[in-house]
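Notes for the one structure printed next.
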There are 2 protein chains.
Amino acid sequence: MNYSILRDLAIIIVFAKIFGLLARRVKAPQVVGEIIAGLLIGPSVLHFVDQSQFINQMAEIGVILLMFSAGLETDLKDLMRTGFKALLIAMAGVAVPLIGGTLLYMGFYGFSAAGTQEFYTALFVGVILTATSVSITVQTLREIGKLKGEIGQTIMSAAIIDDVIGIIVLTFVIGFKNPESNPGRVILNTILFFVAAILIGWVIYKIFKLADMRYPHTRRIPIMGLALCFFLSYAAETYFGIADITGAYVAGVILCSIKDSSYIAEKMDTNSYMLFGPVFFASIGLKTDLKAIDGGLILFCICFVLVGLVCKIIGCGLAGKLCRFSWADSLKIGVGMMTRGEVALIVSQKGLSVGMIGSEYFTAVILLIVVSSISTPVILKALYGADDKRLKTANAK
Amino acid sequence: MNYSILRDLAIIIVFAKIFGLLARRVKAPQVVGEIIAGLLIGPSVLHFVDQSQFINQMAEIGVILLMFSAGLETDLKDLMRTGFKALLIAMAGVAVPLIGGTLLYMGFYGFSAAGTQEFYTALFVGVILTATSVSITVQTLREIGKLKGEIGQTIMSAAIIDDVIGIIVLTFVIGFKNPESNPGRVILNTILFFVAAILIGWVIYKIFKLADMRYPHTRRIPIMGLALCFFLSYAAETYFGIADITGAYVAGVILCSIKDSSYIAEKMDTNSYMLFGPVFFASIGLKTDLKAIDGGLILFCICFVLVGLVCKIIGCGLAGKLCRFSWADSLKIGVGMMTRGEVALIVSQKGLSVGMIGSEYFTAVILLIVVSSISTPVILKALYGADDKRLKTANAK
């Protein structure tokens, strides 16, 4: 037994919590604080903690728990109800950043033919840009009393569909991690996985629903849910060659409609925030090599952030306009959809672990999260403020 | 990343939960079911799961969390209030089984001089027998309405002190794991650890008390508590050469008097029962080699169980008699103190991990837990039943 894992865990959770709280105080997302904590205690700065196999395994479990929770929080009924508008906005919000990110990478590091490894790396940079995280937008809209309006509801629905489309795109692209992979086979495997997930998932859902009616709020429900999450993550990787996080997300979606889904989510949450979550976010900091940052990377990071923000505004905004929102409202939708969060990190981590991208992209993703989460509330409030002003002027006339 | 850890975790938690529930149905402790699950899925029977470094590390964290929880549930005020009676009963309840276990081992495998490695192994077998687990006794007394009586209160107090004395004895004996260890140094280190724990613990307690008053029921309290637990476990092993579980227990005791101690315990509990606890108990099953069981071991196991039960009855019973309880009541105290549980397993696991005992003793400990937890309620109820009968006869006269 190597007791240094206990010291590492103690240091990670203390620093992650302190910096998470500091980040919240300056209105940045907590996860950014946790990543900075990892950076600080890692080899780049203080060197209190090294990467280790155990920390990486704990971090992987952390990612799986986070994706399971994300799946659990999906509201399938809401998803079914969301109309054509939200679907179109979500699709544009995935497609435009995907293309934008791919072109950005190729612009920096050279164009490469479809099917080459380099091409998939470029595509993966696009995939990282697809995942929206609307929690900050939701918070902002709630603050100014606009959450229940049409724009707020459209953004929320689009964000849910965005997650689903994003995970499907990720699943496909990850399938190509192996240079010898046969595109037809990857597509077949991915489709097979989702078909199997729907069929088996339906049976599992029924079993859980029955068990939950008979034994509501008992420990066995979240425990068996967690086992399902681990098993589907494993099965996705081993039998279908697709990302474990897709399996974890699907496990969450399967259970999201049982009565105790929020009870399961609550128990998962405790497991996440106490130990696995901080370990995951700090491990991203640990992996980020500050020495690798040079002029070229800084330029790439800045362009990455700009492309990430602009592509969401253009994609979702134009889709909004197509859905007959006014230009002003379309802009609000675009801005509301531009925030990124945990999922972008989870996707990057996945890309790193399968060798599609290097750890230097973490810097770009972290920057995107910080910039988008700080600027979105400011811009959104300004846009709504301008509206109110115009309204007042109109009324005064 | 080795994805088989996900499959292993899924299998472990499913089987552990199912067998835990089955055990509860036949009135045996849940942990016994979880161990049997480990045995079943392990190399001895179905061979679904192998021991692995990751599982062992998770199990070690599980043990630390369990000991931290045990510490958190200590009631220092209660401990201070318990008088001389409970102290005497607890001391006898540690001393007699310690001697009994040591002699039992020597009787089976030959006497050895004090100071040799073999001597410490014998002593360690005694240490395993010291830990009382009164939860089953408490449950039984509550059921028959005798928990608030003098005997119930005495047993509960004695069990708390028993834990403290047990951990001190364990700490000393573990100190001798290294054959070259200097007895004087081990004793000095152990004393230094407890002195440091009291001094630093007092400061930490004050800090936590302040933080808890300012931020009650916030996540930072259990998170920082967990960090303290990991840090003291590490410090105990690394700086003082004593068991990590002692550090974890001390961390729990330090925090047991802050207002949110039950809040921390609740969060730890969720972490334990979802993942770390089942992994620990199942890992004991995984390590138990059924093929190693032969006639000699079976005989040893039976004697181990008998010595374990009889020594507690004699030790605690005679101490009770010395405290002027009647013979009948002294017997009840002895029987009430004879149950063993998780802590006996944790101690054995510790002995295995430092190489003081082999994994074959798990079988004996598991048997002791099963026999004691099934027989205690039966015997206790019979003893109280006989009392009531006598009382009725006396009244009828």
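In the structure tokens, the first chain shown is A, the next is B, and so on; residue numbers restart at 1 for each chain, and ligands run from 1 in the order shown.
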
*From a DSSP pass on the backbone, collect the residues of stretch 131-300 of chain A flagged as helix (DSSP H, G or I) and hand them back as a VMD selection string.*
chain A and resid 135 to 143 150 to 175 183 to 214 220 to 240 244 to 255 261 to 287 290 to 292 295 to 300

I need the contact residues of chain A against chain B, so if you could list those with any atom within 9 Å, counting only C-alpha atoms, and return them as a PDB file with N, CA and C atoms, in the first residue's frame, that would help.
```
ATOM      1  N   MET A   1       0.855  -1.202   0.000  1.00  0.00           N
ATOM      2  CA  MET A   1       0.000   0.000   0.000  1.00  0.00           C
ATOM      3  C   MET A   1       0.882   1.240   0.000  1.00  0.00           C
ATOM      4  N   ASN A   2       0.596   2.109  -0.961  1.00  0.00           N
ATOM      5  CA  ASN A   2       1.339   3.345  -1.073  1.00  0.00           C
ATOM      6  C   ASN A   2       0.538   4.460  -0.401  1.00  0.00           C
ATOM      7  N   TYR A   3       1.017   4.874   0.779  1.00  0.00           N
ATOM      8  CA  TYR A   3       0.211   5.811   1.558  1.00  0.00           C
ATOM      9  C   TYR A   3       0.193   7.216   0.990  1.00  0.00           C
ATOM     10  N   SER A   4       1.085   7.485   0.010  1.00  0.00           N
ATOM     11  CA  SER A   4       1.111   8.845  -0.525  1.00  0.00           C
ATOM     12  C   SER A   4      -0.190   9.189  -1.242  1.00  0.00           C
ATOM     13  N   ILE A   5      -0.985   8.173  -1.633  1.00  0.00           N
ATOM     14  CA  ILE A   5      -2.269   8.522  -2.265  1.00  0.00           C
ATOM     15  C   ILE A   5      -3.170   9.252  -1.269  1.00  0.00           C
ATOM     16  N   LEU A   6      -3.019   8.928   0.032  1.00  0.00           N
ATOM     17  CA  LEU A   6      -3.840   9.617   1.033  1.00  0.00           C
ATOM     18  C   LEU A   6      -3.438  11.080   1.130  1.00  0.00           C
ATOM     19  N   ARG A   7      -2.118  11.321   1.105  1.00  0.00           N
ATOM     20  CA  ARG A   7      -1.633  12.704   1.162  1.00  0.00           C
ATOM     21  C   ARG A   7      -2.100  13.449  -0.087  1.00  0.00           C
ATOM     22  N   ASP A   8      -1.940  12.811  -1.256  1.00  0.00           N
ATOM     23  CA  ASP A   8      -2.356  13.452  -2.506  1.00  0.00           C
ATOM     24  C   ASP A   8      -3.832  13.832  -2.462  1.00  0.00           C
ATOM     25  N   LEU A   9      -4.661  12.888  -2.010  1.00  0.00           N
ATOM     26  CA  LEU A   9      -6.099  13.172  -1.949  1.00  0.00           C
ATOM     27  C   LEU A   9      -6.386  14.327  -0.991  1.00  0.00           C
ATOM     28  N   ALA A  10      -5.714  14.311   0.168  1.00  0.00           N
ATOM     29  CA  ALA A  10      -5.940  15.380   1.153  1.00  0.00           C
ATOM     30  C   ALA A  10      -5.576  16.732   0.546  1.00  0.00           C
ATOM     31  N   ILE A  11      -4.404  16.806  -0.093  1.00  0.00           N
ATOM     32  CA  ILE A  11      -3.964  18.082  -0.681  1.00  0.00           C
ATOM     33  C   ILE A  11      -4.937  18.518  -1.776  1.00  0.00           C
ATOM     34  N   ILE A  12      -5.320  17.559  -2.633  1.00  0.00           N
ATOM     35  CA  ILE A  12      -6.206  17.918  -3.749  1.00  0.00           C
ATOM     36  C   ILE A  12      -7.530  18.473  -3.236  1.00  0.00           C
ATOM     37  N   ILE A  13      -8.159  17.788  -2.263  1.00  0.00           N
ATOM     38  CA  ILE A  13      -9.489  18.275  -1.889  1.00  0.00           C
ATOM     39  C   ILE A  13      -9.416  19.589  -1.115  1.00  0.00           C
ATOM     40  N   VAL A  14      -8.365  19.792  -0.335  1.00  0.00           N
ATOM     41  CA  VAL A  14      -8.247  21.078   0.372  1.00  0.00           C
ATOM     42  C   VAL A  14      -8.051  22.222  -0.625  1.00  0.00           C
ATOM     43  N   LYS A  17     -11.093  22.872  -2.892  1.00  0.00           N
ATOM     44  CA  LYS A  17     -12.212  23.550  -2.217  1.00  0.00           C
ATOM     45  C   LYS A  17     -11.891  25.032  -2.032  1.00  0.00           C
ATOM     46  N   ILE A  18     -10.681  25.328  -1.552  1.00  0.00           N
ATOM     47  CA  ILE A  18     -10.321  26.732  -1.291  1.00  0.00           C
ATOM     48  C   ILE A  18     -10.389  27.551  -2.584  1.00  0.00           C
ATOM     49  N   GLN A  53      -1.232   6.837 -11.396  1.00  0.00           N
ATOM     50  CA  GLN A  53      -2.262   5.986 -11.981  1.00  0.00           C
ATOM     51  C   GLN A  53      -3.536   6.045 -11.145  1.00  0.00           C
ATOM     52  N   PHE A  54      -3.360   6.045  -9.815  1.00  0.00           N
ATOM     53  CA  PHE A  54      -4.532   6.048  -8.952  1.00  0.00           C
ATOM     54  C   PHE A  54      -5.346   7.323  -9.137  1.00  0.00           C
ATOM     55  N   ASN A  56      -5.423   9.227 -11.719  1.00  0.00           N
ATOM     56  CA  ASN A  56      -6.069   9.177 -13.035  1.00  0.00           C
ATOM     57  C   ASN A  56      -7.307   8.292 -13.026  1.00  0.00           C
ATOM     58  N   GLN A  57      -7.229   7.160 -12.312  1.00  0.00           N
ATOM     59  CA  GLN A  57      -8.387   6.275 -12.255  1.00  0.00           C
ATOM     60  C   GLN A  57      -9.534   6.918 -11.480  1.00  0.00           C
ATOM     61  N   GLU A  60     -11.092   9.436 -13.732  1.00  0.00           N
ATOM     62  CA  GLU A  60     -11.943   8.809 -14.754  1.00  0.00           C
ATOM     63  C   GLU A  60     -13.303   8.452 -14.161  1.00  0.00           C
ATOM     64  N   ILE A  61     -13.285   7.917 -12.946  1.00  0.00           N
ATOM     65  CA  ILE A  61     -14.557   7.626 -12.276  1.00  0.00           C
ATOM     66  C   ILE A  61     -15.313   8.930 -12.031  1.00  0.00           C
ATOM     67  N   ARG A 219     -31.575   2.615  -0.278  1.00  0.00           N
ATOM     68  CA  ARG A 219     -30.205   2.675  -0.792  1.00  0.00           C
ATOM     69  C   ARG A 219     -30.015   1.854  -2.055  1.00  0.00           C
ATOM     70  N   ARG A 220     -30.818   0.782  -2.180  1.00  0.00           N
ATOM     71  CA  ARG A 220     -30.569  -0.114  -3.324  1.00  0.00           C
ATOM     72  C   ARG A 220     -30.776   0.587  -4.658  1.00  0.00           C
ATOM     73  N   PRO A 222     -30.110   3.928  -5.726  1.00  0.00           N
ATOM     74  CA  PRO A 222     -28.900   4.569  -6.257  1.00  0.00           C
ATOM     75  C   PRO A 222     -27.730   3.603  -6.435  1.00  0.00           C
ATOM     76  N   ILE A 223     -27.629   2.592  -5.585  1.00  0.00           N
ATOM     77  CA  ILE A 223     -26.509   1.655  -5.713  1.00  0.00           C
ATOM     78  C   ILE A 223     -26.614   0.888  -7.031  1.00  0.00           C
ATOM     79  N   MET A 224     -27.811   0.401  -7.329  1.00  0.00           N
ATOM     80  CA  MET A 224     -27.970  -0.332  -8.580  1.00  0.00           C
ATOM     81  C   MET A 224     -27.832   0.614  -9.775  1.00  0.00           C
ATOM     82  N   LEU A 226     -25.815   3.170  -9.882  1.00  0.00           N
ATOM     83  CA  LEU A 226     -24.376   3.362 -10.056  1.00  0.00           C
ATOM     84  C   LEU A 226     -23.764   2.161 -10.769  1.00  0.00           C
ATOM     85  N   ALA A 227     -24.218   0.968 -10.397  1.00  0.00           N
ATOM     86  CA  ALA A 227     -23.704  -0.236 -11.048  1.00  0.00           C
ATOM     87  C   ALA A 227     -24.048  -0.210 -12.544  1.00  0.00           C
ATOM     88  N   LEU A 228     -25.265   0.219 -12.857  1.00  0.00           N
ATOM     89  CA  LEU A 228     -25.671   0.323 -14.264  1.00  0.00           C
ATOM     90  C   LEU A 228     -24.762   1.297 -15.003  1.00  0.00           C
ATOM     91  N   CYS A 229     -24.490   2.418 -14.362  1.00  0.00           N
ATOM     92  CA  CYS A 229     -23.615   3.435 -14.958  1.00  0.00           C
ATOM     93  C   CYS A 229     -22.232   2.851 -15.251  1.00  0.00           C
ATOM     94  N   PHE A 230     -21.643   2.170 -14.276  1.00  0.00           N
ATOM     95  CA  PHE A 230     -20.320   1.573 -14.490  1.00  0.00           C
ATOM     96  C   PHE A 230     -20.388   0.514 -15.595  1.00  0.00           C
ATOM     97  N   PHE A 231     -21.449  -0.278 -15.551  1.00  0.00           N
ATOM     98  CA  PHE A 231     -21.510  -1.359 -16.515  1.00  0.00           C
ATOM     99  C   PHE A 231     -21.667  -0.831 -17.942  1.00  0.00           C
ATOM    100  N   LEU A 232     -22.553   0.146 -18.148  1.00  0.00           N
ATOM    101  CA  LEU A 232     -22.726   0.685 -19.501  1.00  0.00           C
ATOM    102  C   LEU A 232     -21.469   1.409 -19.975  1.00  0.00           C
ATOM    103  N   SER A 233     -20.743   2.065 -19.071  1.00  0.00           N
ATOM    104  CA  SER A 233     -19.489   2.717 -19.450  1.00  0.00           C
ATOM    105  C   SER A 233     -18.501   1.675 -19.959  1.00  0.00           C
ATOM    106  N   TYR A 234     -18.431   0.579 -19.200  1.00  0.00           N
ATOM    107  CA  TYR A 234     -17.523  -0.503 -19.580  1.00  0.00           C
ATOM    108  C   TYR A 234     -17.941  -1.135 -20.906  1.00  0.00           C
ATOM    109  N   ALA A 235     -19.249  -1.406 -21.024  1.00  0.00           N
ATOM    110  CA  ALA A 235     -19.755  -2.070 -22.231  1.00  0.00           C
ATOM    111  C   ALA A 235     -19.530  -1.188 -23.457  1.00  0.00           C
ATOM    112  N   GLU A 237     -17.165   0.967 -24.052  1.00  0.00           N
ATOM    113  CA  GLU A 237     -15.758   0.906 -24.445  1.00  0.00           C
ATOM    114  C   GLU A 237     -15.386  -0.460 -25.009  1.00  0.00           C
ATOM    115  N   THR A 238     -15.802  -1.510 -24.296  1.00  0.00           N
ATOM    116  CA  THR A 238     -15.279  -2.838 -24.589  1.00  0.00           C
ATOM    117  C   THR A 238     -15.985  -3.505 -25.760  1.00  0.00           C
ATOM    118  N   ASP A 244     -16.590   5.673 -22.934  1.00  0.00           N
ATOM    119  CA  ASP A 244     -17.247   5.259 -21.689  1.00  0.00           C
ATOM    120  C   ASP A 244     -18.227   6.317 -21.196  1.00  0.00           C
ATOM    121  N   LYS A 267     -27.526  11.478  -4.401  1.00  0.00           N
ATOM    122  CA  LYS A 267     -26.505  10.598  -3.826  1.00  0.00           C
ATOM    123  C   LYS A 267     -25.225  10.633  -4.663  1.00  0.00           C
ATOM    124  N   MET A 268     -25.394  10.670  -5.994  1.00  0.00           N
ATOM    125  CA  MET A 268     -24.239  10.748  -6.892  1.00  0.00           C
ATOM    126  C   MET A 268     -23.483  12.046  -6.652  1.00  0.00           C
ATOM    127  N   THR A 270     -23.273  13.764  -3.924  1.00  0.00           N
ATOM    128  CA  THR A 270     -22.453  13.713  -2.719  1.00  0.00           C
ATOM    129  C   THR A 270     -21.143  13.014  -3.014  1.00  0.00           C
ATOM    130  N   ASN A 271     -21.224  11.908  -3.735  1.00  0.00           N
ATOM    131  CA  ASN A 271     -19.996  11.192  -4.098  1.00  0.00           C
ATOM    132  C   ASN A 271     -19.100  12.068  -4.956  1.00  0.00           C
ATOM    133  N   TYR A 273     -19.002  15.577  -5.299  1.00  0.00           N
ATOM    134  CA  TYR A 273     -18.391  16.806  -4.798  1.00  0.00           C
ATOM    135  C   TYR A 273     -17.428  16.561  -3.657  1.00  0.00           C
ATOM    136  N   MET A 274     -17.585  15.436  -2.949  1.00  0.00           N
ATOM    137  CA  MET A 274     -16.680  15.162  -1.843  1.00  0.00           C
ATOM    138  C   MET A 274     -15.304  14.754  -2.344  1.00  0.00           C
ATOM    139  N   LEU A 275     -15.259  13.963  -3.402  1.00  0.00           N
ATOM    140  CA  LEU A 275     -13.987  13.340  -3.712  1.00  0.00           C
ATOM    141  C   LEU A 275     -13.718  13.257  -5.210  1.00  0.00           C
ATOM    142  N   SER A 353      -7.149  11.131 -23.331  1.00  0.00           N
ATOM    143  CA  SER A 353      -6.908   9.765 -22.854  1.00  0.00           C
ATOM    144  C   SER A 353      -6.883   8.764 -24.010  1.00  0.00           C
ATOM    145  N   VAL A 354      -7.554   9.087 -25.114  1.00  0.00           N
ATOM    146  CA  VAL A 354      -7.469   8.166 -26.248  1.00  0.00           C
ATOM    147  C   VAL A 354      -6.399   8.631 -27.234  1.00  0.00           C
TER     148      VAL A 354
END
```

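One finds atom CA of B:Met106 at 17.9 Å from atom CA of B:Gly295.
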
When you look at stretch 376-388 of chain B with a cut-off of 8 Å (counting only C-alpha atoms), what residues show up, excluding the ones that are within fewer than 5 positions of it in the same chain? I need them as an mmCIF file with N, CA, C and O atoms, in the first residue's frame.
```cif
data_model
loop_
_atom_site.group_PDB
_atom_site.id
_atom_site.type_symbol
_atom_site.label_atom_id
_atom_site.label_comp_id
_atom_site.auth_asym_id
_atom_site.auth_seq_id
_atom_site.Cartn_x
_atom_site.Cartn_y
_atom_site.Cartn_z
ATOM 1 N N ILE B 136 -25.520 -4.605 17.329
ATOM 2 C CA ILE B 136 -26.540 -5.654 17.413
ATOM 3 C C ILE B 136 -27.107 -5.752 18.826
ATOM 4 O O ILE B 136 -28.309 -5.926 19.019
ATOM 5 N N THR B 137 -26.225 -5.597 19.828
ATOM 6 C CA THR B 137 -26.684 -5.604 21.214
ATOM 7 C C THR B 137 -27.638 -4.437 21.460
ATOM 8 O O THR B 137 -28.709 -4.598 22.063
ATOM 9 N N THR B 140 -30.953 -5.127 19.973
ATOM 10 C CA THR B 140 -31.695 -6.127 20.744
ATOM 11 C C THR B 140 -32.267 -5.509 22.017
ATOM 12 O O THR B 140 -33.439 -5.714 22.344
ATOM 13 N N ILE B 144 -36.311 -5.021 23.224
ATOM 14 C CA ILE B 144 -36.992 -5.539 24.418
ATOM 15 C C ILE B 144 -37.125 -4.444 25.477
ATOM 16 O O ILE B 144 -37.467 -4.718 26.624
ATOM 17 N N ALA B 328 -26.411 -12.569 37.458
ATOM 18 C CA ALA B 328 -27.266 -12.621 36.261
ATOM 19 C C ALA B 328 -27.012 -11.401 35.376
ATOM 20 O O ALA B 328 -26.874 -11.521 34.142
ATOM 21 N N LYS B 332 -25.307 -10.846 31.529
ATOM 22 C CA LYS B 332 -25.903 -10.073 30.439
ATOM 23 C C LYS B 332 -24.884 -9.105 29.851
ATOM 24 O O LYS B 332 -24.808 -8.928 28.627
ATOM 25 N N VAL B 335 -22.412 -11.065 27.717
ATOM 26 C CA VAL B 335 -23.008 -11.490 26.443
ATOM 27 C C VAL B 335 -23.198 -10.283 25.526
ATOM 28 O O VAL B 335 -22.934 -10.344 24.318
ATOM 29 N N GLY B 336 -23.638 -9.168 26.123
ATOM 30 C CA GLY B 336 -23.860 -7.962 25.317
ATOM 31 C C GLY B 336 -22.589 -7.458 24.670
ATOM 32 O O GLY B 336 -22.617 -6.855 23.593
ATOM 33 N N MET B 338 -20.089 -9.350 23.613
ATOM 34 C CA MET B 338 -19.343 -10.363 22.844
ATOM 35 C C MET B 338 -19.484 -10.238 21.325
ATOM 36 O O MET B 338 -18.761 -10.909 20.596
ATOM 37 N N THR B 339 -20.402 -9.376 20.842
ATOM 38 C CA THR B 339 -20.541 -9.279 19.379
ATOM 39 C C THR B 339 -19.369 -8.566 18.734
ATOM 40 O O THR B 339 -18.816 -7.625 19.259
#
```

Would you mind listing what lies within 8 Å of stretch 156-169 of chain B as an mmCIF file with C-alpha atoms, in the first residue's frame, with only C-alpha atoms counted and same-chain residues fewer than 5 positions away left out?
```
data_model
loop_
_atom_site.group_PDB
_atom_site.id
_atom_site.type_symbol
_atom_site.label_atom_id
_atom_site.label_comp_id
_atom_site.auth_asym_id
_atom_site.auth_seq_id
_atom_site.Cartn_x
_atom_site.Cartn_y
_atom_site.Cartn_z
ATOM 1 C CA THR B 74 -17.947 8.866 19.439
ATOM 2 C CA ASP B 78 -20.637 10.601 27.142
ATOM 3 C CA LEU B 79 -17.140 9.198 27.333
ATOM 4 C CA THR B 82 -18.981 7.162 31.957
ATOM 5 C CA ALA B 86 -17.683 1.108 32.280
ATOM 6 C CA LEU B 87 -13.933 1.739 32.232
ATOM 7 C CA ILE B 89 -15.547 -3.501 32.049
ATOM 8 C CA ALA B 90 -13.991 -2.144 28.862
ATOM 9 C CA MET B 91 -10.459 -2.755 30.080
ATOM 10 C CA GLY B 93 -13.054 -6.743 27.766
ATOM 11 C CA VAL B 94 -9.871 -5.812 25.938
ATOM 12 C CA VAL B 127 -5.798 -7.764 19.068
ATOM 13 C CA THR B 130 -10.518 -7.047 21.314
ATOM 14 C CA ALA B 131 -12.899 -4.947 19.182
ATOM 15 C CA THR B 132 -16.508 -5.029 20.341
ATOM 16 C CA SER B 133 -19.314 -4.013 17.994
ATOM 17 C CA VAL B 134 -22.396 -3.381 20.072
ATOM 18 C CA VAL B 138 -28.085 -2.060 21.146
ATOM 19 C CA THR B 246 -5.667 5.115 13.960
ATOM 20 C CA MET B 337 -20.172 -7.197 24.786
#
```

*Find, counting only C-alpha atoms, the residue in A:Ala364, A:Leu322, A:Ala251, A:Ile374 that gets nearest to A:Ile302.*
A:Ala364

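Checking A:Leu306, A:Leu66, A:Leu290, A:Cys301 one by one against A:Ile366, counting only C-alpha atoms, you find the shortest gap at A:Cys301.
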
*Selection: 7 Å around stretch 38-50 of chain B, only C-alpha atoms, excl. self and same-chain fewer than 6 positions, as a PyMOL selection string*: chain B and resi 8+282-286+288-290

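Using only C-alpha atoms, the nearest neighbour of B:Ala196 within the list B:Leu129, B:Ala122, B:Val250, B:Ile155 is B:Val250.
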
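The spacing separating atom CA of A:Ala16 from atom CA of A:Pro29 amounts to 12.4 Å.
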
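When the distance limit is 10 Å and only C-alpha atoms are what count, the residues near B:Met213, minus those fewer than 3 positions from it on the same chain, are Ile207, Phe208, Lys209, Leu210, Pro216, His217, Ile258, Lys259 and Asp260 of chain B.
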
Given the selection you just returned, output its residues as a file containing N, CA and C atoms, formatted as a CSV table (one decimal), in the first residue's frame.
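Result written to part-v3.csv:
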```csv
chain,number,residue,atom,x,y,z
B,207,ILE,N,-10.8,25.5,15.1
B,207,ILE,CA,-11.0,26.0,13.8
B,207,ILE,C,-12.3,25.5,13.1
B,208,PHE,N,-12.5,24.2,13.2
B,208,PHE,CA,-13.7,23.6,12.6
B,208,PHE,C,-14.9,24.2,13.3
B,209,LYS,N,-14.8,24.3,14.6
B,209,LYS,CA,-16.0,24.8,15.4
B,209,LYS,C,-16.4,26.2,14.9
B,210,LEU,N,-15.4,27.1,14.7
B,210,LEU,CA,-15.6,28.4,14.2
B,210,LEU,C,-16.2,28.4,12.8
B,216,PRO,N,-22.7,26.8,8.7
B,216,PRO,CA,-23.2,25.5,9.1
B,216,PRO,C,-23.8,24.8,7.9
B,217,HIS,N,-23.7,23.5,7.8
B,217,HIS,CA,-24.4,22.7,6.8
B,217,HIS,C,-23.9,23.1,5.4
B,258,ILE,N,-18.1,18.8,17.1
B,258,ILE,CA,-18.6,20.0,16.5
B,258,ILE,C,-20.1,19.8,16.2
B,259,LYS,N,-20.8,20.9,16.0
B,259,LYS,CA,-22.3,20.8,15.8
B,259,LYS,C,-22.6,19.9,14.6
B,260,ASP,N,-21.9,20.1,13.5
B,260,ASP,CA,-22.2,19.4,12.3
B,260,ASP,C,-21.6,18.0,12.2
```

*Which is closer to A:Lys85 than all the others in A:Ser359, A:Ser261, A:Ser69, A:Ser330, using only C-alpha atoms?*
A:Ser330

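Shortest separation to A:Gly355 among A:Tyr120, A:Phe276, A:Phe240, A:Tyr109 occurs at residue A:Tyr120, atoms counted being only C-alpha atoms.
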
Residues within 8 Å of stretch 182-194 of chain B, only C-alpha atoms, excluding chain neighbours under 6 positions, as a PDB file with N, CA and C atoms, in the first residue's frame:
```pdb
ATOM      1  N   THR B 171      -2.491   0.112  17.797  1.00  0.00           N
ATOM      2  CA  THR B 171      -1.452   1.027  17.375  1.00  0.00           C
ATOM      3  C   THR B 171      -0.080   0.573  17.874  1.00  0.00           C
ATOM      4  N   PHE B 172      -0.042   0.150  19.152  1.00  0.00           N
ATOM      5  CA  PHE B 172       1.224  -0.355  19.698  1.00  0.00           C
ATOM      6  C   PHE B 172       1.698  -1.590  18.931  1.00  0.00           C
ATOM      7  N   GLY B 175       2.938  -1.124  15.512  1.00  0.00           N
ATOM      8  CA  GLY B 175       4.263  -0.484  15.551  1.00  0.00           C
ATOM      9  C   GLY B 175       5.383  -1.498  15.458  1.00  0.00           C
ATOM     10  N   PHE B 176       5.109  -2.720  15.915  1.00  0.00           N
ATOM     11  CA  PHE B 176       6.153  -3.747  15.922  1.00  0.00           C
ATOM     12  C   PHE B 176       6.204  -4.567  14.642  1.00  0.00           C
ATOM     13  N   ALA B 236      -0.001   9.477  10.323  1.00  0.00           N
ATOM     14  CA  ALA B 236       0.193   8.389  11.282  1.00  0.00           C
ATOM     15  C   ALA B 236       1.159   7.359  10.707  1.00  0.00           C
ATOM     16  N   PHE B 240       4.838   8.606  12.061  1.00  0.00           N
ATOM     17  CA  PHE B 240       4.892   7.927  13.351  1.00  0.00           C
ATOM     18  C   PHE B 240       4.977   6.412  13.216  1.00  0.00           C
ATOM     19  N   GLY B 241       4.845   5.902  11.993  1.00  0.00           N
ATOM     20  CA  GLY B 241       4.927   4.459  11.789  1.00  0.00           C
ATOM     21  C   GLY B 241       3.789   3.694  12.440  1.00  0.00           C
ATOM     22  N   ILE B 242       2.643   4.349  12.647  1.00  0.00           N
ATOM     23  CA  ILE B 242       1.519   3.620  13.231  1.00  0.00           C
ATOM     24  C   ILE B 242       0.394   3.528  12.201  1.00  0.00           C
TER      25      ILE B 242
END
```

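Closest to B:Ile293 among B:Leu103, B:Ala28, B:Phe325, B:Phe362 is B:Phe362, based on only C-alpha atoms.
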
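Atom CA of B:Ala95 is found 14.3 Å from atom CA of B:Gly320.
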